[in-house]
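Enquirer: Handing you a structure now.
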Amino acid sequence: MHMTSKTRFIWNSIMVTVGGFAGFLAVQYLPIQSGAAAAPGSLDLRVDADPVGRELNLATSFAPAVEQAAPSVVSVSTKRTITTTAPSLPPIMRELFPGMPDSPRERQAEGLGSGVIVTEDGYILTNNHVVDGADEVTVKLAEGVEEYAAEIIGTDPYTDIAVLKIEAKGLPAIRITDSEHLRVGDVVLAIGNPLGVGQTVTMGIVSALNRRGDILHYEDFIQTDAAINRGNSGGALVDAEGRLVGVNTAIISSTGGSQGIGFAVPSNLARSVLERILRYGKVVRGFLGVDIQNITPALAEMFELPVQSGALVAAIHPDTPADRSDLKEGDVIIEFNGRKITERRQLQLLVSETAPDTEVELKLIRDGKETTVSLVLAELPEDAFARSSPTRPGLPSPEPGDSSALEGLEVADLNPQFREQFNIPDRVRGVLVMGVSPGSLAAAKNIGPGDVIQEFDRKQVNETRHLRELSRGFGNRPVLLRVWSGGGSRYVVLDPRGN
């Protein structure tokens, strides 16, 4: 067939377009093919001190990183006994069905997660929630079919880290790097056993650092968009050189599957938990002895702070390092041993990672001026996280105060009966909140019956008469209160202006 040059051009264009579309379909619809504890001082971790590598040519493949890290990632299987109680049977049912159980029954529940080998002699990091309550723990290596019975050496629910031990030698221990050197945008790989399909590698980047998820007491999560699903828990998050930067822990998902928001415990925090468990048999943490809170715009204004940053000291507990120091309520801690503090969880984490009996220096703002306080940390008490939950009575009619910010509050003097009723310690001084009007400023700030107003405008409150005297003449100005509630204290700003 004879074609002119113009016809040939049109025909070639059509063929290129059709060929490209066919290639697109081939890519999009390609079918899936079926198919003994070491001595504390002798812990031999493979730790790299140098920063995360950034000079690698990663345009072609991440296979070298996977080959480096994948043998260190294991599958963790658990069995736990669950006891259920059958409902009590009426007499007629017992007569008709004498064999029907009417007593506690037990069943075996199985769980599946991942872990990371960190020493050649068998120490393994995983998540606490993977092994919590397990009667049996079994570890299967990435290469081979042999399974090992694992011993739970220690757990730390507050960071969701657990340490296992299997009896084996010459294991492929992962290299651990300093997670402080991670940057948003760094490439990371998640390795684990999602949904029980077998070892799987997914790729993403570091989406955010120092993320808080309000999941654990101590959080400093690495956020990544690498796909993480059920079964990935306890597995490795590694950098582009195959070095451990985190332990995959949690996801945020509306479906239960990966939606690109995964969290990992940084390797530095996981390593700290590991070393303390092996040295002390538990996680020993530093303890300051304060209630602290974040700085809000309203608090920054009331305390005349130059920036909305730091950790505000709302209470100092008796017979603690803070109590024995020059630290005062109302101080704003902005540095801990030279490290800048931007919010309270950061301070909590730094204190917890510092060994007891360590002398530390706090830089703080007090009355608008910078000063420093030195103190020696104690060991965190085991009941430090316990908080009482007083039962609140119904809301009576409000009784306005002289300050419009206090409208809707009904208060009473503390007495032994009220202390017993609301479980208020003797050390707490102030006036008791008996009622709060719905829709009031106090209700909007979660002040409720059973709370204690300790300070008004930075002045100690002793009784209701004293509170009325302090509030007289305030009018519509914002009020700074210090309130004890459910075992801890906090500062609250009540602002009639609506700020």
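Residue names in the structure tokens use chain letters A, B, ... in the order shown, residue numbers from 1 in each chain, and ligand numbers from 1 in the order shown.
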Apply DSSP to the backbone of this structure and, from range 305-458 of chain A, keep only the residues in alpha helix (DSSP H); write these as a PyMOL selection string.

Expert: chain A and resi 344-353+416-422+441-444

Enquirer: Based on the backbone DSSP call, show me all residues of range 123-186 of chain A assigned strand (DSSP E or B), as a compact mmCIF listing (two decimals) with C-alpha atoms, in the first residue's frame.

Expert:
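Written output follows (part27.txt):
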# COMPACT_ATOMS: atom_id res chain seq x y z
CA TYR A 123 18.91 -10.96 71.90
CA ILE A 124 15.90 -9.71 69.94
CA LEU A 125 13.95 -6.45 70.05
CA THR A 126 10.19 -6.47 69.45
CA ASN A 127 7.09 -4.64 70.67
CA GLU A 136 4.62 -19.20 74.68
CA VAL A 137 6.81 -17.21 72.31
CA THR A 138 8.41 -18.74 69.23
CA VAL A 139 10.90 -17.10 66.88
CA LYS A 140 11.47 -18.14 63.28
CA GLU A 147 12.05 -22.29 65.10
CA TYR A 148 13.36 -21.29 68.52
CA ALA A 149 11.56 -21.04 71.82
CA GLU A 151 12.34 -16.20 76.63
CA ILE A 152 10.87 -12.82 77.48
CA ILE A 153 13.79 -11.08 79.21
CA GLY A 154 11.96 -7.85 79.95
CA THR A 155 9.19 -5.56 78.77
CA ASP A 156 8.50 -1.84 78.89
CA ILE A 161 9.51 -2.29 73.65
CA ALA A 162 10.25 -5.88 74.73
CA VAL A 163 13.47 -7.91 74.77
CA LEU A 164 13.51 -11.61 73.84
CA LYS A 165 16.33 -14.18 73.99
CA ARG A 175 23.67 -2.79 62.56
CA ILE A 176 22.17 0.03 64.63
CA THR A 177 22.67 3.68 63.76

Enquirer: Env of Ala69 in chain A: 10 Å cut, atoms = only C-alpha atoms, seq-sep filter 4 positions within chain, self excluded. Answer as a PDB file with N, CA, C and O atoms, in the first residue's frame.

Expert:
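Below you can see out.pdb, which holds the result:
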ATOM      1  N   ALA A  63      18.317  -3.216  46.899  1.00  0.00           N
ATOM      2  CA  ALA A  63      18.654  -4.604  47.224  1.00  0.00           C
ATOM      3  C   ALA A  63      19.837  -4.719  48.181  1.00  0.00           C
ATOM      4  O   ALA A  63      19.802  -5.556  49.098  1.00  0.00           O
ATOM      5  N   PRO A  64      20.918  -3.915  48.039  1.00  0.00           N
ATOM      6  CA  PRO A  64      22.029  -4.046  48.995  1.00  0.00           C
ATOM      7  C   PRO A  64      21.607  -3.782  50.433  1.00  0.00           C
ATOM      8  O   PRO A  64      22.048  -4.475  51.352  1.00  0.00           O
ATOM      9  N   ALA A  65      20.738  -2.791  50.643  1.00  0.00           N
ATOM     10  CA  ALA A  65      20.258  -2.500  52.004  1.00  0.00           C
ATOM     11  C   ALA A  65      19.416  -3.647  52.535  1.00  0.00           C
ATOM     12  O   ALA A  65      19.531  -4.040  53.702  1.00  0.00           O
ATOM     13  N   VAL A  73      15.796  -9.788  60.612  1.00  0.00           N
ATOM     14  CA  VAL A  73      14.395  -9.605  60.978  1.00  0.00           C
ATOM     15  C   VAL A  73      13.721 -10.974  61.060  1.00  0.00           C
ATOM     16  O   VAL A  73      13.799 -11.777  60.132  1.00  0.00           O
ATOM     17  N   VAL A 116      13.639  -8.057  65.745  1.00  0.00           N
ATOM     18  CA  VAL A 116      14.921  -7.719  65.137  1.00  0.00           C
ATOM     19  C   VAL A 116      16.055  -8.284  65.996  1.00  0.00           C
ATOM     20  O   VAL A 116      16.134  -7.977  67.194  1.00  0.00           O
ATOM     21  N   ILE A 117      16.917  -9.096  65.407  1.00  0.00           N
ATOM     22  CA  ILE A 117      18.077  -9.636  66.115  1.00  0.00           C
ATOM     23  C   ILE A 117      19.101  -8.512  66.304  1.00  0.00           C
ATOM     24  O   ILE A 117      19.522  -7.871  65.334  1.00  0.00           O
ATOM     25  N   PRO A 172      22.704 -13.338  62.604  1.00  0.00           N
ATOM     26  CA  PRO A 172      22.962 -12.110  61.835  1.00  0.00           C
ATOM     27  C   PRO A 172      22.414 -10.875  62.551  1.00  0.00           C
ATOM     28  O   PRO A 172      21.294 -10.426  62.289  1.00  0.00           O
ATOM     29  N   ALA A 173      23.182 -10.307  63.451  1.00  0.00           N
ATOM     30  CA  ALA A 173      22.744  -9.125  64.204  1.00  0.00           C
ATOM     31  C   ALA A 173      22.724  -7.901  63.297  1.00  0.00           C
ATOM     32  O   ALA A 173      23.633  -7.687  62.491  1.00  0.00           O
ATOM     33  N   ILE A 174      21.687  -7.109  63.441  1.00  0.00           N
ATOM     34  CA  ILE A 174      21.545  -5.920  62.608  1.00  0.00           C
ATOM     35  C   ILE A 174      22.488  -4.828  63.079  1.00  0.00           C
ATOM     36  O   ILE A 174      22.853  -4.767  64.263  1.00  0.00           O
ATOM     37  N   ARG A 175      22.913  -3.983  62.179  1.00  0.00           N
ATOM     38  CA  ARG A 175      23.666  -2.791  62.560  1.00  0.00           C
ATOM     39  C   ARG A 175      22.687  -1.711  63.010  1.00  0.00           C
ATOM     40  O   ARG A 175      21.643  -1.509  62.397  1.00  0.00           O
ATOM     41  N   LEU A 189      13.169   1.770  54.853  1.00  0.00           N
ATOM     42  CA  LEU A 189      12.548   0.514  54.458  1.00  0.00           C
ATOM     43  C   LEU A 189      11.965  -0.157  55.693  1.00  0.00           C
ATOM     44  O   LEU A 189      12.629  -0.220  56.733  1.00  0.00           O
ATOM     45  N   ILE A 191      10.728  -3.661  57.248  1.00  0.00           N
ATOM     46  CA  ILE A 191      10.881  -5.102  57.024  1.00  0.00           C
ATOM     47  C   ILE A 191      10.174  -5.844  58.145  1.00  0.00           C
ATOM     48  O   ILE A 191      10.403  -5.561  59.331  1.00  0.00           O
ATOM     49  N   ALA A 236      11.718  -4.175  61.669  1.00  0.00           N
ATOM     50  CA  ALA A 236      12.771  -3.166  61.524  1.00  0.00           C
ATOM     51  C   ALA A 236      12.360  -2.053  60.576  1.00  0.00           C
ATOM     52  O   ALA A 236      11.770  -2.298  59.526  1.00  0.00           O
ATOM     53  N   LEU A 237      12.702  -0.833  60.953  1.00  0.00           N
ATOM     54  CA  LEU A 237      12.724   0.299  60.037  1.00  0.00           C
ATOM     55  C   LEU A 237      14.199   0.623  59.833  1.00  0.00           C
ATOM     56  O   LEU A 237      14.902   0.934  60.793  1.00  0.00           O
ATOM     57  N   VAL A 238      14.670   0.508  58.599  1.00  0.00           N
ATOM     58  CA  VAL A 238      16.099   0.655  58.337  1.00  0.00           C
ATOM     59  C   VAL A 238      16.330   1.792  57.346  1.00  0.00           C
ATOM     60  O   VAL A 238      15.437   2.186  56.576  1.00  0.00           O
ATOM     61  N   ASP A 239      17.563   2.316  57.367  1.00  0.00           N
ATOM     62  CA  ASP A 239      17.917   3.380  56.439  1.00  0.00           C
ATOM     63  C   ASP A 239      18.392   2.785  55.117  1.00  0.00           C
ATOM     64  O   ASP A 239      18.345   1.568  54.904  1.00  0.00           O
ATOM     65  N   GLU A 241      21.181   2.219  54.042  1.00  0.00           N
ATOM     66  CA  GLU A 241      22.334   1.331  54.160  1.00  0.00           C
ATOM     67  C   GLU A 241      21.983   0.054  54.913  1.00  0.00           C
ATOM     68  O   GLU A 241      22.860  -0.746  55.221  1.00  0.00           O
ATOM     69  N   GLY A 242      20.705  -0.133  55.226  1.00  0.00           N
ATOM     70  CA  GLY A 242      20.282  -1.349  55.913  1.00  0.00           C
ATOM     71  C   GLY A 242      20.524  -1.323  57.406  1.00  0.00           C
ATOM     72  O   GLY A 242      20.549  -2.379  58.040  1.00  0.00           O
ATOM     73  N   ARG A 243      20.664  -0.131  57.984  1.00  0.00           N
ATOM     74  CA  ARG A 243      20.929  -0.018  59.418  1.00  0.00           C
ATOM     75  C   ARG A 243      19.640   0.338  60.160  1.00  0.00           C
ATOM     76  O   ARG A 243      18.811   1.103  59.666  1.00  0.00           O
ATOM     77  N   LEU A 244      19.489  -0.210  61.349  1.00  0.00           N
ATOM     78  CA  LEU A 244      18.268  -0.022  62.126  1.00  0.00           C
ATOM     79  C   LEU A 244      18.145   1.426  62.604  1.00  0.00           C
ATOM     80  O   LEU A 244      19.019   1.939  63.301  1.00  0.00           O
TER      81      LEU A 244
END

Enquirer: Identify, on the basis of only C-alpha atoms, every residue whose closest approach to Phe336 in chain A does not exceed 12 Å; exclude the query and any residue fewer than 4 positions from it along the same chain; express the result as a list in words.

Expert: Leu288, Gly310, Ala311, Val332, Lys340, Ile341, Thr342, Glu343, Arg344, Gln346, Leu347, Gln348, Leu349, Leu350, Val351, Ser352, Glu353, Thr354, Glu359, Val360, Glu361, Leu362, Lys363, Leu364, Thr372, Val373, Ser374 and Leu375 of chain A

Enquirer: Write out as a list in words which residues come within 8 Å of Val492 in chain A when counting only C-alpha atoms, dropping same-chain ones fewer than 4 positions away.

Expert: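 Contacts, in chain order: Leu299, Lys445, Leu480, Leu481, Arg482 and Val483 of chain A.
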
Enquirer: Could you work out how far CA of Glu180 in chain A lies from CA of Asn232 in chain A, giving the answer in Å with one decimal?

Expert: 22.8 Å

Enquirer: Within 9 Å of Ala142 in chain A, counting only C-alpha atoms, which residues qualify if same-chain residues fewer than 2 places away don't, as an mmCIF file with all heavy atoms, in the first residue's frame?

Expert:
data_model
loop_
_atom_site.group_PDB
_atom_site.id
_atom_site.type_symbol
_atom_site.label_atom_id
_atom_site.label_comp_id
_atom_site.auth_asym_id
_atom_site.auth_seq_id
_atom_site.Cartn_x
_atom_site.Cartn_y
_atom_site.Cartn_z
ATOM 1 N N ALA A 70 17.676 -7.715 56.052
ATOM 2 C CA ALA A 70 16.596 -8.708 56.090
ATOM 3 C C ALA A 70 16.916 -9.957 56.916
ATOM 4 O O ALA A 70 16.035 -10.458 57.631
ATOM 5 C CB ALA A 70 16.206 -9.107 54.668
ATOM 6 N N PRO A 71 18.143 -10.515 56.863
ATOM 7 C CA PRO A 71 18.409 -11.707 57.675
ATOM 8 C C PRO A 71 18.258 -11.479 59.175
ATOM 9 O O PRO A 71 18.097 -12.434 59.935
ATOM 10 C CB PRO A 71 19.867 -12.045 57.315
ATOM 11 C CG PRO A 71 20.068 -11.449 55.962
ATOM 12 C CD PRO A 71 19.279 -10.181 55.976
ATOM 13 N N SER A 72 18.297 -10.215 59.623
ATOM 14 C CA SER A 72 18.194 -9.913 61.055
ATOM 15 C C SER A 72 16.754 -9.812 61.533
ATOM 16 O O SER A 72 16.507 -9.720 62.742
ATOM 17 C CB SER A 72 18.908 -8.591 61.360
ATOM 18 O OG SER A 72 20.241 -8.621 60.919
ATOM 19 N N VAL A 73 15.796 -9.788 60.612
ATOM 20 C CA VAL A 73 14.395 -9.605 60.978
ATOM 21 C C VAL A 73 13.721 -10.974 61.060
ATOM 22 O O VAL A 73 13.799 -11.777 60.132
ATOM 23 C CB VAL A 73 13.675 -8.701 59.962
ATOM 24 C CG1 VAL A 73 12.220 -8.491 60.383
ATOM 25 C CG2 VAL A 73 14.393 -7.362 59.846
ATOM 26 N N VAL A 74 13.065 -11.229 62.185
ATOM 27 C CA VAL A 74 12.482 -12.545 62.447
ATOM 28 C C VAL A 74 10.973 -12.447 62.578
ATOM 29 O O VAL A 74 10.406 -11.374 62.780
ATOM 30 C CB VAL A 74 13.074 -13.162 63.739
ATOM 31 C CG1 VAL A 74 14.580 -13.322 63.616
ATOM 32 C CG2 VAL A 74 12.722 -12.298 64.954
ATOM 33 N N SER A 75 10.344 -13.598 62.481
ATOM 34 C CA SER A 75 8.911 -13.719 62.739
ATOM 35 C C SER A 75 8.709 -14.160 64.184
ATOM 36 O O SER A 75 9.404 -15.057 64.670
ATOM 37 C CB SER A 75 8.289 -14.734 61.780
ATOM 38 O OG SER A 75 6.963 -15.018 62.129
ATOM 39 N N LYS A 140 11.043 -17.464 64.499
ATOM 40 C CA LYS A 140 11.474 -18.136 63.284
ATOM 41 C C LYS A 140 12.368 -17.188 62.497
ATOM 42 O O LYS A 140 12.005 -16.048 62.223
ATOM 43 C CB LYS A 140 10.272 -18.538 62.432
ATOM 44 C CG LYS A 140 10.635 -19.337 61.191
ATOM 45 C CD LYS A 140 9.374 -19.778 60.452
ATOM 46 C CE LYS A 140 9.716 -20.586 59.212
ATOM 47 N NZ LYS A 140 8.484 -21.016 58.489
ATOM 48 N N GLY A 144 15.687 -20.130 56.541
ATOM 49 C CA GLY A 144 15.573 -21.449 57.160
ATOM 50 C C GLY A 144 14.210 -21.639 57.778
ATOM 51 O O GLY A 144 13.401 -20.713 57.892
ATOM 52 N N VAL A 145 13.942 -22.865 58.203
ATOM 53 C CA VAL A 145 12.640 -23.208 58.754
ATOM 54 C C VAL A 145 12.707 -23.494 60.248
ATOM 55 O O VAL A 145 11.687 -23.768 60.862
ATOM 56 C CB VAL A 145 12.062 -24.445 58.025
ATOM 57 C CG1 VAL A 145 11.803 -24.110 56.569
ATOM 58 C CG2 VAL A 145 13.003 -25.646 58.136
ATOM 59 N N GLY A 198 4.714 -13.710 55.204
ATOM 60 C CA GLY A 198 6.147 -13.952 55.086
ATOM 61 C C GLY A 198 6.896 -12.631 55.035
ATOM 62 O O GLY A 198 6.297 -11.559 54.916
ATOM 63 N N GLN A 199 8.224 -12.722 55.137
ATOM 64 C CA GLN A 199 9.003 -11.485 55.208
ATOM 65 C C GLN A 199 8.753 -10.612 53.989
ATOM 66 O O GLN A 199 8.824 -11.060 52.845
ATOM 67 C CB GLN A 199 10.493 -11.789 55.338
ATOM 68 C CG GLN A 199 11.297 -10.534 55.664
ATOM 69 C CD GLN A 199 12.760 -10.803 55.879
ATOM 70 O OE1 GLN A 199 13.533 -10.775 54.940
ATOM 71 N NE2 GLN A 199 13.153 -11.073 57.114
#

Enquirer: Just the residues within 10 Å of Asp367 in chain A, please, counting only C-alpha atoms, with nothing from its chain fewer than 5 positions along; format it as a list in words.

Expert: Phe303, Glu304, Leu305, Gly330, Asp331 and Val332 of chain A
